[in-house]
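Engineer: Coordinates in run35.csv, CSV, C-alpha atoms and all ligand atoms, are listed below.
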chain,number,residue,atom,x,y,z
A,4,MET,CA,-5.7,14.3,-12.4
A,5,SER,CA,-6.5,17.9,-12.9
A,6,LYS,CA,-3.4,19.9,-13.9
A,7,GLU,CA,-4.2,22.5,-11.2
A,8,ILE,CA,-3.4,21.7,-7.6
A,9,THR,CA,-5.9,23.3,-5.2
A,10,THR,CA,-5.1,24.3,-1.7
A,11,ARG,CA,-7.9,22.5,0.2
A,12,LEU,CA,-5.4,20.0,1.7
A,13,SER,CA,-2.1,21.9,1.2
A,14,GLY,CA,0.5,21.4,3.9
A,15,GLN,CA,-1.1,18.1,4.9
A,16,PHE,CA,0.5,14.6,4.7
A,17,ALA,CA,-1.5,11.6,3.8
A,18,LEU,CA,-1.1,7.8,3.6
A,19,VAL,CA,-3.4,5.7,1.5
A,20,THR,CA,-3.2,1.9,1.8
A,21,GLY,CA,-3.7,-0.4,-1.2
A,22,ALA,CA,-3.1,2.6,-3.5
A,23,SER,CA,-1.4,0.8,-6.4
A,24,SER,CA,-4.8,0.3,-8.1
A,25,GLY,CA,-8.5,1.0,-8.2
A,26,ILE,CA,-10.1,3.1,-5.5
A,27,GLY,CA,-6.9,3.6,-3.5
A,28,ALA,CA,-5.1,4.9,-6.5
A,29,ALA,CA,-7.9,7.3,-7.3
A,30,VAL,CA,-8.0,8.5,-3.6
A,31,ALA,CA,-4.2,9.1,-3.6
A,32,VAL,CA,-4.5,11.1,-6.8
A,33,ALA,CA,-7.5,13.1,-5.5
A,34,LEU,CA,-5.8,14.0,-2.2
A,35,ALA,CA,-2.7,15.1,-4.1
A,36,ALA,CA,-4.8,17.2,-6.5
A,37,HIS,CA,-6.0,19.1,-3.4
A,38,GLY,CA,-2.4,19.7,-2.3
A,39,ALA,CA,-1.7,16.8,0.1
A,40,SER,CA,1.6,15.0,-0.1
A,41,VAL,CA,0.9,11.3,-0.3
A,42,VAL,CA,2.4,7.9,0.7
A,43,VAL,CA,1.2,5.4,-1.9
A,44,ASN,CA,1.2,2.0,-0.1
A,45,TYR,CA,1.3,-1.2,-2.0
A,46,SER,CA,1.8,-4.9,-1.0
A,47,HIS,CA,3.1,-6.5,-4.2
A,48,ASP,CA,2.3,-4.2,-7.2
A,49,GLU,CA,5.3,-1.9,-7.1
A,50,GLU,CA,4.9,-1.0,-10.8
A,51,GLY,CA,1.3,0.1,-10.2
A,52,ALA,CA,2.3,2.2,-7.2
A,53,ASN,CA,5.1,3.8,-9.2
A,54,LYS,CA,2.6,4.7,-11.9
A,55,VAL,CA,0.4,6.4,-9.3
A,56,VAL,CA,3.4,8.3,-7.9
A,57,LYS,CA,4.3,9.5,-11.4
A,58,THR,CA,0.7,10.6,-12.1
A,59,ILE,CA,0.9,12.8,-8.9
A,60,THR,CA,4.4,14.1,-9.5
A,61,ASP,CA,3.8,14.8,-13.2
A,62,ALA,CA,1.0,17.1,-12.1
A,63,GLY,CA,3.2,18.9,-9.7
A,64,GLY,CA,2.3,17.0,-6.5
A,65,GLN,CA,4.5,15.2,-4.0
A,66,ALA,CA,4.3,11.4,-3.4
A,67,TYR,CA,6.4,8.3,-2.8
A,68,ALA,CA,5.6,4.5,-2.9
A,69,ALA,CA,5.9,2.4,0.3
A,70,GLU,CA,5.7,-1.4,0.5
A,71,ALA,CA,3.9,-2.9,3.4
A,72,ASP,CA,1.4,-5.8,4.0
A,73,VAL,CA,-1.3,-4.1,6.1
A,74,SER,CA,-2.0,-7.4,7.9
A,75,LYS,CA,1.5,-7.4,9.4
A,76,GLU,CA,2.1,-5.3,12.5
A,77,ASP,CA,5.8,-4.9,12.0
A,78,GLN,CA,5.4,-3.8,8.3
A,79,VAL,CA,2.6,-1.3,9.1
A,80,GLN,CA,4.7,0.2,11.9
A,81,ALA,CA,7.8,0.5,9.7
A,82,MET,CA,5.7,2.2,7.0
A,83,PHE,CA,4.3,4.8,9.4
A,84,LYS,CA,7.8,5.3,10.9
A,85,GLN,CA,9.3,6.0,7.5
A,86,ALA,CA,6.4,8.3,6.6
A,87,ILE,CA,6.9,10.3,9.8
A,88,GLU,CA,10.7,10.5,9.2
A,89,LYS,CA,10.2,11.7,5.6
A,90,PHE,CA,7.2,14.0,6.0
A,91,GLY,CA,7.5,15.0,9.7
A,92,THR,CA,4.0,13.8,10.5
A,93,LEU,CA,0.7,12.6,8.9
A,94,HIS,CA,-2.7,14.3,9.0
A,95,ILE,CA,-4.8,11.9,6.8
A,96,VAL,CA,-4.9,8.2,6.7
A,97,VAL,CA,-7.1,6.2,4.3
A,98,ALA,CA,-7.3,2.5,5.3
A,99,ASN,CA,-8.4,1.2,1.9
A,100,ALA,CA,-6.5,-2.1,1.2
A,101,GLY,CA,-8.9,-5.0,0.8
A,102,ILE,CA,-9.4,-8.3,-0.8
A,103,GLN,CA,-12.0,-10.9,-1.6
A,104,VAL,CA,-11.5,-14.6,-1.3
A,105,ASP,CA,-14.9,-16.0,-2.3
A,106,SER,CA,-16.3,-19.4,-1.5
A,107,PRO,CA,-19.6,-21.1,-0.8
A,108,PHE,CA,-20.0,-21.1,3.0
A,109,LEU,CA,-20.0,-24.9,3.3
A,110,ASP,CA,-16.7,-25.1,1.6
A,111,MET,CA,-15.0,-22.1,3.1
A,112,THR,CA,-11.7,-23.0,4.8
A,113,LEU,CA,-10.4,-21.4,7.9
A,114,ALA,CA,-7.5,-20.0,5.8
A,115,GLN,CA,-10.0,-18.3,3.4
A,116,TRP,CA,-11.8,-16.8,6.3
A,117,GLN,CA,-8.7,-15.7,8.2
A,118,LYS,CA,-6.9,-14.2,5.1
A,119,VAL,CA,-9.8,-11.8,4.5
A,120,ILE,CA,-10.3,-10.8,8.1
A,121,ASP,CA,-6.5,-10.3,8.5
A,122,VAL,CA,-6.2,-7.9,5.5
A,123,ASN,CA,-9.6,-6.2,5.6
A,124,LEU,CA,-10.2,-5.8,9.3
A,125,THR,CA,-7.0,-6.4,11.2
A,126,GLY,CA,-5.2,-4.3,8.5
A,127,GLN,CA,-7.5,-1.4,9.2
A,128,PHE,CA,-7.1,-1.8,13.0
A,129,LEU,CA,-3.3,-1.7,12.7
A,130,CYS,CA,-3.4,1.4,10.4
A,131,LEU,CA,-6.0,3.3,12.5
A,132,ARG,CA,-3.9,2.7,15.7
A,133,GLU,CA,-0.7,3.9,14.2
A,134,ALA,CA,-2.5,6.9,12.7
A,135,ALA,CA,-4.2,7.9,16.0
A,136,ARG,CA,-0.9,7.4,17.9
A,137,GLU,CA,0.9,9.8,15.5
A,138,PHE,CA,-1.9,12.4,15.6
A,139,VAL,CA,-1.7,12.5,19.4
A,140,ARG,CA,2.1,12.5,19.4
A,141,ARG,CA,2.2,15.5,17.0
A,142,GLY,CA,-0.5,17.6,18.7
A,143,PRO,CA,-2.8,20.2,17.2
A,144,GLN,CA,-1.7,22.3,14.1
A,145,PRO,CA,-4.8,24.6,13.7
A,146,ASP,CA,-3.1,26.5,10.9
A,147,VAL,CA,-3.0,23.2,8.9
A,148,SER,CA,-6.3,21.6,9.8
A,149,THR,CA,-9.0,22.1,12.4
A,150,ALA,CA,-9.0,18.4,13.4
A,151,LEU,CA,-6.0,16.7,15.0
A,152,GLY,CA,-6.2,14.1,12.2
A,153,LYS,CA,-8.6,12.5,9.8
A,154,ILE,CA,-9.1,8.8,9.0
A,155,ILE,CA,-11.2,7.2,6.3
A,156,CYS,CA,-12.0,3.5,6.5
A,157,MET,CA,-12.9,2.0,3.1
A,158,SER,CA,-15.9,-0.1,3.9
A,159,SER,CA,-18.6,-1.4,1.4
A,160,VAL,CA,-22.3,-1.6,1.0
A,161,HIS,CA,-21.8,-5.1,2.4
A,162,GLU,CA,-21.3,-3.6,5.9
A,163,VAL,CA,-25.2,-3.6,5.8
A,164,ILE,CA,-26.2,-5.8,2.8
A,165,PRO,CA,-25.7,-9.5,3.5
A,166,TRP,CA,-23.7,-11.3,0.8
A,167,GLY,CA,-24.0,-15.0,0.4
A,168,GLY,CA,-20.9,-16.7,-1.1
A,169,HIS,CA,-18.8,-13.9,0.3
A,170,VAL,CA,-19.4,-14.4,4.1
A,171,ASN,CA,-15.8,-13.6,5.0
A,172,TYR,CA,-15.8,-10.3,3.1
A,173,ALA,CA,-19.2,-9.2,4.4
A,174,SER,CA,-18.1,-10.0,7.9
A,175,SER,CA,-14.9,-8.0,7.6
A,176,LYS,CA,-16.9,-5.0,6.4
A,177,GLY,CA,-19.5,-5.3,9.2
A,178,GLY,CA,-16.5,-5.4,11.6
A,179,ILE,CA,-15.1,-2.2,10.0
A,180,MET,CA,-18.4,-0.4,10.8
A,181,GLN,CA,-17.9,-1.0,14.5
A,182,LEU,CA,-14.1,-0.4,14.3
A,183,MET,CA,-14.9,3.0,12.7
A,184,LYS,CA,-17.7,4.0,15.0
A,185,SER,CA,-16.1,2.8,18.3
A,186,THR,CA,-12.8,4.5,17.5
A,187,ALA,CA,-14.6,7.6,16.4
A,188,GLN,CA,-16.5,7.7,19.7
A,189,GLU,CA,-13.4,7.2,21.7
A,190,LEU,CA,-11.2,9.6,19.9
A,191,ALA,CA,-13.6,12.5,19.0
A,192,PRO,CA,-12.7,14.3,22.3
A,193,GLN,CA,-9.1,14.4,21.0
A,194,LYS,CA,-10.4,16.0,17.7
A,195,ILE,CA,-9.7,12.9,15.6
A,196,ARG,CA,-12.4,12.4,12.9
A,197,ILE,CA,-13.0,8.9,11.7
A,198,ASN,CA,-15.5,8.0,9.0
A,199,SER,CA,-16.2,5.3,6.5
A,200,ILE,CA,-16.9,5.4,2.8
A,201,ALA,CA,-19.1,2.5,1.7
A,202,PRO,CA,-18.8,2.1,-2.1
A,203,GLY,CA,-21.3,0.2,-4.1
A,204,ALA,CA,-20.1,-1.3,-7.4
A,205,ILE,CA,-17.0,0.6,-8.6
A,206,ALA,CA,-15.1,-0.5,-11.7
A,207,THR,CA,-11.8,-1.8,-10.4
A,208,PRO,CA,-9.9,-5.1,-10.5
A,209,ILE,CA,-11.6,-6.5,-7.4
A,210,ASN,CA,-14.9,-7.0,-9.2
A,211,LEU,CA,-13.8,-7.7,-12.8
A,212,SER,CA,-15.4,-11.1,-12.7
A,213,ALA,CA,-18.8,-9.5,-11.9
A,214,ARG,CA,-18.5,-7.4,-15.1
A,215,ASP,CA,-16.9,-9.8,-17.5
A,216,THR,CA,-19.7,-10.3,-19.9
A,217,PRO,CA,-22.6,-8.0,-21.1
A,218,GLU,CA,-25.0,-10.3,-19.3
A,219,GLU,CA,-23.1,-10.0,-16.0
A,220,GLU,CA,-22.9,-6.2,-16.5
A,221,LYS,CA,-26.7,-6.1,-17.1
A,222,ALA,CA,-27.4,-8.1,-13.9
A,223,LEU,CA,-25.1,-5.8,-11.9
A,224,LEU,CA,-26.9,-2.7,-13.2
A,225,GLU,CA,-30.2,-4.1,-12.0
A,226,LEU,CA,-28.9,-3.7,-8.5
A,227,ILE,CA,-28.0,0.0,-9.2
A,228,PRO,CA,-31.0,2.4,-9.5
A,229,TYR,CA,-28.7,5.2,-10.8
A,230,ASN,CA,-27.9,2.8,-13.7
A,231,ARG,CA,-24.2,3.1,-13.9
A,232,VAL,CA,-21.2,1.4,-12.4
A,233,GLY,CA,-19.2,3.8,-10.2
A,234,ASP,CA,-15.9,5.2,-11.2
A,235,PRO,CA,-12.9,5.2,-8.7
A,236,ALA,CA,-12.7,9.0,-9.2
A,237,ASP,CA,-16.2,9.3,-7.7
A,238,ILE,CA,-14.8,7.9,-4.5
A,239,GLY,CA,-11.6,10.1,-4.8
A,240,ARG,CA,-13.7,13.3,-4.9
A,241,LEU,CA,-15.7,12.2,-1.8
A,242,ALA,CA,-12.6,11.2,0.1
A,243,ALA,CA,-10.8,14.6,-0.6
A,244,TRP,CA,-13.9,16.5,0.7
A,245,LEU,CA,-14.4,14.2,3.7
A,246,VAL,CA,-10.9,14.8,5.1
A,247,SER,CA,-11.0,18.5,4.4
A,248,ASP,CA,-12.1,21.2,7.0
A,249,GLU,CA,-15.3,21.6,4.9
A,250,ALA,CA,-16.4,18.3,6.5
A,251,ASP,CA,-15.1,19.2,10.0
A,252,TYR,CA,-18.2,18.3,12.0
A,253,ILE,CA,-18.6,14.8,10.5
A,254,THR,CA,-17.3,11.9,12.5
A,255,GLY,CA,-18.4,8.3,13.1
A,256,GLN,CA,-20.4,8.2,9.9
A,257,THR,CA,-20.6,5.8,7.0
A,258,ILE,CA,-21.2,7.6,3.7
A,259,PHE,CA,-22.7,5.3,1.2
A,260,MET,CA,-21.6,6.1,-2.4
A,261,ASP,CA,-23.5,3.5,-4.4
A,262,GLY,CA,-25.8,4.9,-7.0
A,263,GLY,CA,-28.7,3.8,-4.8
A,264,MET,CA,-27.7,0.1,-4.3
A,265,THR,CA,-28.7,0.4,-0.6
A,266,LEU,CA,-32.2,1.5,-1.7
A,267,TYR,CA,-32.9,-2.2,-2.3
A,268,PRO,CA,-34.1,-1.7,-5.9
A,269,GLY,CA,-35.8,-5.2,-5.9
A,270,PHE,CA,-38.5,-3.6,-3.7
A,271,ALA,CA,-39.3,-0.8,-6.3
A,272,SER,CA,-41.6,-3.2,-8.1
A,273,GLY,CA,-42.1,-6.0,-5.6
A,274,GLY,CA,-42.3,-6.6,-1.9
B,301,LIG,P1,-8.3,-3.3,-5.9
B,301,LIG,O1,-8.1,-4.8,-5.9
B,301,LIG,O2,-8.0,-2.5,-7.1
B,301,LIG,O3,-7.6,-2.7,-4.7
B,301,LIG,C1,-7.3,-3.3,-3.5
B,301,LIG,C2,-5.9,-2.9,-3.2
B,301,LIG,O4,-5.5,-3.4,-1.9
B,301,LIG,C3,-4.9,-3.4,-4.2
B,301,LIG,O5,-4.0,-2.3,-4.6
B,301,LIG,C4,-4.1,-4.5,-3.5
B,301,LIG,O6,-2.8,-4.6,-4.0
B,301,LIG,C5,-4.1,-3.9,-2.1
B,301,LIG,N1,-3.9,-5.0,-1.1
B,301,LIG,C6,-4.4,-6.2,-1.0
B,301,LIG,N2,-3.8,-6.9,0.0
B,301,LIG,C7,-3.0,-6.0,0.6
B,301,LIG,C8,-2.2,-6.1,1.8
B,301,LIG,N3,-2.2,-7.2,2.5
B,301,LIG,N4,-1.5,-5.0,2.2
B,301,LIG,C9,-1.6,-3.8,1.4
B,301,LIG,N5,-2.3,-3.7,0.3
B,301,LIG,C10,-3.0,-4.8,-0.1
B,301,LIG,O7,-9.9,-3.1,-5.6
B,301,LIG,P2,-10.7,-1.8,-5.1
B,301,LIG,O8,-12.0,-2.0,-5.6
B,301,LIG,O9,-10.0,-0.6,-5.5
B,301,LIG,O10,-10.7,-2.0,-3.5
B,301,LIG,C11,-10.3,-1.0,-2.6
B,301,LIG,C12,-11.2,-1.1,-1.4
B,301,LIG,O11,-12.5,-0.7,-1.8
B,301,LIG,C13,-11.3,-2.5,-0.8
B,301,LIG,O12,-11.3,-2.3,0.7
B,301,LIG,C14,-12.6,-3.0,-1.2
B,301,LIG,O13,-13.2,-3.9,-0.3
B,301,LIG,C15,-13.4,-1.7,-1.3
B,301,LIG,N6,-14.6,-1.7,-2.1
B,301,LIG,C16,-14.6,-1.9,-3.4
B,301,LIG,C17,-15.7,-1.9,-4.2
B,301,LIG,C18,-15.8,-2.0,-5.7
B,301,LIG,O14,-16.9,-2.2,-6.2
B,301,LIG,N7,-14.7,-1.9,-6.3
B,301,LIG,C19,-17.0,-1.9,-3.5
B,301,LIG,C20,-17.0,-1.7,-2.1
B,301,LIG,C21,-15.8,-1.7,-1.4
Would it be possible to restate this file's structure as structure tokens?

Structural biologist:
Amino acid sequence: MSKEITTRLSGQFALVTGASSGIGAAVAVALAAHGASVVVNYSHDEEGANKVVKTITDAGGQAYAAEADVSKEDQVQAMFKQAIEKFGTLHIVVANAGIQVDSPFLDMTLAQWQKVIDVNLTGQFLCLREAAREFVRRGPQPDVSTALGKIICMSSVHEVIPWGGHVNYASSKGGIMQLMKSTAQELAPQKIRINSIAPGAIATPINLSARDTPEEEKALLELIPYNRVGDPADIGRLAAWLVSDEADYITGQTIFMDGGMTLYPGFASGG
């Protein structure tokens, strides 16, 4: 995190789910680096969340860690209630928490399907609904931000790229696309901006198994025309801009940040 805190998001309060590691941690740090105070949500990794809070506070920012399983309505509501009690309100919510539970389709159990849908899709529904309710309750604060509130859904290139062996995950991300677009359409008149970031391959714990060996890394790079795996900080920078007033006229969009993965590089020499 840069030592200097900028003012792009100063006076704004943010909540990032699944922020104890990977992309969520980088987004929390980036929002704080631009002046937002941040709730660092975690489900089990308290130590990871505390590390993220320390990174932010050591740099002069404000943050605290909050435990909640995003797939549980009562826990999500309690987390939002606590944030509003502590901060007064929220202006930014990043629904980032997500999991993979991979299985060949013929062997996929209902439990494997349901777990991924519960965390990745229902978890985002619960967080978006609490966020929108709070933005409407609080009302406009034009001195703080032009929009009533800003939401980012963490999607994936797999909202459009089919992914055999990961049907539950790809289905959850396809669902997030319509959750994001439909809520953005419904809530735009109330000046709530909702967008998705769709990362390609970013180096985080979720995809360690795809980068374990040099051969696996090479196979992964063949899918990325820009020829590097993404860094969580790449996503953090985009998120901090997307929730700022510089992006005020953007709503209902998925921004792919994938080094060209959605350019279908296999077709560069074939097809
Ligand atoms: P990660 O495993 O580091 O992060 C996922 C986070 O979600 C973890 O902190 C985990 O503890 C948390 N989490 C899991 N279940 C939860 C629950 N029930 N309640 C609250 N938190 C929970 O991996 P990541 O790559 O940083 O993933 C973050 C998001 O980015 C996910 O939605 C993932 O689908 C998406 N994504 C990642 C990549 C990538 O290449 N890394 C690509 C596309 C999309």

Engineer: If the limit is 7 Å from any atom of ligand LIG 301 (chain B), counting all atoms listed in the file, which residues qualify? Return them as an MDAnalysis selection string.

Structural biologist: chainID A and resid 20:27 44:48 71:74 99:102 122:123 157:160 201:210

Engineer: Based on the selection just made, write C-alpha atoms of those residues as a PDB file, in the frame of the given file.

Structural biologist:
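Written out: result-v7.pdb:
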ATOM      1  CA  THR A  20      -3.200   1.900   1.800  1.00  0.00           C
ATOM      2  CA  GLY A  21      -3.700  -0.400  -1.200  1.00  0.00           C
ATOM      3  CA  ALA A  22      -3.100   2.600  -3.500  1.00  0.00           C
ATOM      4  CA  SER A  23      -1.400   0.800  -6.400  1.00  0.00           C
ATOM      5  CA  SER A  24      -4.800   0.300  -8.100  1.00  0.00           C
ATOM      6  CA  GLY A  25      -8.500   1.000  -8.200  1.00  0.00           C
ATOM      7  CA  ILE A  26     -10.100   3.100  -5.500  1.00  0.00           C
ATOM      8  CA  GLY A  27      -6.900   3.600  -3.500  1.00  0.00           C
ATOM      9  CA  ASN A  44       1.200   2.000  -0.100  1.00  0.00           C
ATOM     10  CA  TYR A  45       1.300  -1.200  -2.000  1.00  0.00           C
ATOM     11  CA  SER A  46       1.800  -4.900  -1.000  1.00  0.00           C
ATOM     12  CA  HIS A  47       3.100  -6.500  -4.200  1.00  0.00           C
ATOM     13  CA  ASP A  48       2.300  -4.200  -7.200  1.00  0.00           C
ATOM     14  CA  ALA A  71       3.900  -2.900   3.400  1.00  0.00           C
ATOM     15  CA  ASP A  72       1.400  -5.800   4.000  1.00  0.00           C
ATOM     16  CA  VAL A  73      -1.300  -4.100   6.100  1.00  0.00           C
ATOM     17  CA  SER A  74      -2.000  -7.400   7.900  1.00  0.00           C
ATOM     18  CA  ASN A  99      -8.400   1.200   1.900  1.00  0.00           C
ATOM     19  CA  ALA A 100      -6.500  -2.100   1.200  1.00  0.00           C
ATOM     20  CA  GLY A 101      -8.900  -5.000   0.800  1.00  0.00           C
ATOM     21  CA  ILE A 102      -9.400  -8.300  -0.800  1.00  0.00           C
ATOM     22  CA  VAL A 122      -6.200  -7.900   5.500  1.00  0.00           C
ATOM     23  CA  ASN A 123      -9.600  -6.200   5.600  1.00  0.00           C
ATOM     24  CA  MET A 157     -12.900   2.000   3.100  1.00  0.00           C
ATOM     25  CA  SER A 158     -15.900  -0.100   3.900  1.00  0.00           C
ATOM     26  CA  SER A 159     -18.600  -1.400   1.400  1.00  0.00           C
ATOM     27  CA  VAL A 160     -22.300  -1.600   1.000  1.00  0.00           C
ATOM     28  CA  ALA A 201     -19.100   2.500   1.700  1.00  0.00           C
ATOM     29  CA  PRO A 202     -18.800   2.100  -2.100  1.00  0.00           C
ATOM     30  CA  GLY A 203     -21.300   0.200  -4.100  1.00  0.00           C
ATOM     31  CA  ALA A 204     -20.100  -1.300  -7.400  1.00  0.00           C
ATOM     32  CA  ILE A 205     -17.000   0.600  -8.600  1.00  0.00           C
ATOM     33  CA  ALA A 206     -15.100  -0.500 -11.700  1.00  0.00           C
ATOM     34  CA  THR A 207     -11.800  -1.800 -10.400  1.00  0.00           C
ATOM     35  CA  PRO A 208      -9.900  -5.100 -10.500  1.00  0.00           C
ATOM     36  CA  ILE A 209     -11.600  -6.500  -7.400  1.00  0.00           C
ATOM     37  CA  ASN A 210     -14.900  -7.000  -9.200  1.00  0.00           C
TER      38      ASN A 210
END

Engineer: Give me the residues near stretch 250-255 of chain A as a list in words, where near means some atom within 7 Å (using all atoms listed in the file) and where sequence neighbours in that chain fewer than 5 positions away do not count.

Structural biologist: Met183, Lys184, Ala187, Gln188, Arg196, Ile197, Asn198, Trp244 and Leu245 of chain A

Engineer: For the selection you just gave me, I'd like the residues written to a file as a PDB file, in the frame of the given file, keeping C-alpha atoms.

Structural biologist:
ATOM      1  CA  MET A 183     -14.900   3.000  12.700  1.00  0.00           C
ATOM      2  CA  LYS A 184     -17.700   4.000  15.000  1.00  0.00           C
ATOM      3  CA  ALA A 187     -14.600   7.600  16.400  1.00  0.00           C
ATOM      4  CA  GLN A 188     -16.500   7.700  19.700  1.00  0.00           C
ATOM      5  CA  ARG A 196     -12.400  12.400  12.900  1.00  0.00           C
ATOM      6  CA  ILE A 197     -13.000   8.900  11.700  1.00  0.00           C
ATOM      7  CA  ASN A 198     -15.500   8.000   9.000  1.00  0.00           C
ATOM      8  CA  TRP A 244     -13.900  16.500   0.700  1.00  0.00           C
ATOM      9  CA  LEU A 245     -14.400  14.200   3.700  1.00  0.00           C
TER      10      LEU A 245
END

Engineer: May I have the residues at most 12 Å from (5.9, 5.6, -4.6) in the file's coordinates, counting only C-alpha atoms, as a ChimeraX atom specification?

Structural biologist: /A:18-23,28,31-32,40-46,48-60,65-71,86

Engineer: Return the single residue from A:Ser148, A:Leu12, A:Glu133, A:Gly233 that is closest to A:Ala81, with distances computed using all atoms listed in the file.

Structural biologist: A:Glu133

Engineer: How many Å separate atom CA of A:Pro145 from atom CA of A:Ala98?

Structural biologist: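 Atom CA of A:Ala98 lies 23.8 Å from atom CA of A:Pro145.
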
Engineer: Out of A:Thr265, A:Ser247, A:Thr112, A:Gln256, which residue has the shortest atom-to-atom distance to A:Ile227 when counting only C-alpha atoms?

Structural biologist: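 Of all the options, A:Thr265 lies closest to A:Ile227.
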
Engineer: Mind pulling up the distance from atom CA of A:Ile195 to atom CA of A:Ala243?

Structural biologist: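 Interatomic distance here is 16.3 Å.
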
Engineer: Mind pulling up the distance from atom CA of A:Phe128 to atom CA of A:Lys176?

Structural biologist: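 Distance between the two atoms: 12.2 Å.
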
Engineer: Would you mind listing what lies within 12 Å of A:His161 as number ranges by chain, with all atoms listed in the file counted and same-chain residues fewer than 2 positions away left out?

Structural biologist: A: 157-159, 163-167, 169-180, 200-204, 257, 259, 261, 264-265

Engineer: So, with only C-alpha atoms as the atoms that count, which of A:Leu190, A:Val97, A:Leu224, A:Ala62 lies closest to A:Cys130?

Structural biologist: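 Among the listed residues, the smallest separation from A:Cys130 belongs to A:Val97.
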
Engineer: I need the residue nearest A:Ala35 from this list: A:Asp110, A:Ala242, A:Asp248, A:Gly262. Use only C-alpha atoms for the distance.

Structural biologist: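 Counting only C-alpha atoms, the residue closest to A:Ala35 is A:Ala242.
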
Engineer: Could you tell me which of A:Ala135, A:Ile87, A:Leu241, A:Leu223 comes closest to A:Ala29 if we count all atoms listed in the file?

Structural biologist: A:Leu241

Engineer: Kindly indicate which residue among A:Gly168, A:Pro107, A:Pro192, A:Gly274 lies nearest to A:Val139, using only C-alpha atoms for the distances.

Structural biologist: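 Nearest to A:Val139: A:Pro192.
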
Engineer: Pull out stretch 135-147 of chain A, keep N, CA and C atoms, and write it as a PDB file, in the first residue's frame.

Structural biologist:
ATOM      1  N   ALA A 135     -28.076  -1.711  -0.711  1.00  0.00           N
ATOM      2  CA  ALA A 135     -29.051  -0.809  -1.340  1.00  0.00           C
ATOM      3  C   ALA A 135     -30.019  -0.263  -0.294  1.00  0.00           C
ATOM      4  N   ARG A 136     -30.438  -1.113   0.636  1.00  0.00           N
ATOM      5  CA  ARG A 136     -31.344  -0.650   1.700  1.00  0.00           C
ATOM      6  C   ARG A 136     -30.691   0.478   2.504  1.00  0.00           C
ATOM      7  N   GLU A 137     -29.398   0.325   2.801  1.00  0.00           N
ATOM      8  CA  GLU A 137     -28.716   1.348   3.593  1.00  0.00           C
ATOM      9  C   GLU A 137     -28.540   2.643   2.789  1.00  0.00           C
ATOM     10  N   PHE A 138     -28.205   2.522   1.503  1.00  0.00           N
ATOM     11  CA  PHE A 138     -28.032   3.741   0.691  1.00  0.00           C
ATOM     12  C   PHE A 138     -29.343   4.536   0.663  1.00  0.00           C
ATOM     13  N   VAL A 139     -30.463   3.829   0.491  1.00  0.00           N
ATOM     14  CA  VAL A 139     -31.771   4.489   0.414  1.00  0.00           C
ATOM     15  C   VAL A 139     -32.137   5.091   1.775  1.00  0.00           C
ATOM     16  N   ARG A 140     -31.869   4.343   2.847  1.00  0.00           N
ATOM     17  CA  ARG A 140     -32.179   4.846   4.193  1.00  0.00           C
ATOM     18  C   ARG A 140     -31.428   6.139   4.476  1.00  0.00           C
ATOM     19  N   ARG A 141     -30.122   6.148   4.106  1.00  0.00           N
ATOM     20  CA  ARG A 141     -29.268   7.300   4.428  1.00  0.00           C
ATOM     21  C   ARG A 141     -29.582   8.522   3.579  1.00  0.00           C
ATOM     22  N   GLY A 142     -29.922   8.318   2.315  1.00  0.00           N
ATOM     23  CA  GLY A 142     -30.212   9.435   1.421  1.00  0.00           C
ATOM     24  C   GLY A 142     -28.945  10.067   0.875  1.00  0.00           C
ATOM     25  N   PRO A 143     -29.117  11.040  -0.050  1.00  0.00           N
ATOM     26  CA  PRO A 143     -27.965  11.602  -0.758  1.00  0.00           C
ATOM     27  C   PRO A 143     -27.009  12.374   0.149  1.00  0.00           C
ATOM     28  N   GLN A 144     -25.739  12.289  -0.179  1.00  0.00           N
ATOM     29  CA  GLN A 144     -24.694  13.092   0.487  1.00  0.00           C
ATOM     30  C   GLN A 144     -23.787  13.627  -0.625  1.00  0.00           C
ATOM     31  N   PRO A 145     -24.280  14.586  -1.406  1.00  0.00           N
ATOM     32  CA  PRO A 145     -23.530  15.028  -2.589  1.00  0.00           C
ATOM     33  C   PRO A 145     -22.139  15.572  -2.285  1.00  0.00           C
ATOM     34  N   ASP A 146     -21.904  16.007  -1.062  1.00  0.00           N
ATOM     35  CA  ASP A 146     -20.555  16.485  -0.716  1.00  0.00           C
ATOM     36  C   ASP A 146     -19.574  15.321  -0.621  1.00  0.00           C
ATOM     37  N   VAL A 147     -20.112  14.115  -0.370  1.00  0.00           N
ATOM     38  CA  VAL A 147     -19.251  12.939  -0.190  1.00  0.00           C
ATOM     39  C   VAL A 147     -19.077  12.200  -1.516  1.00  0.00           C
TER      40      VAL A 147
END
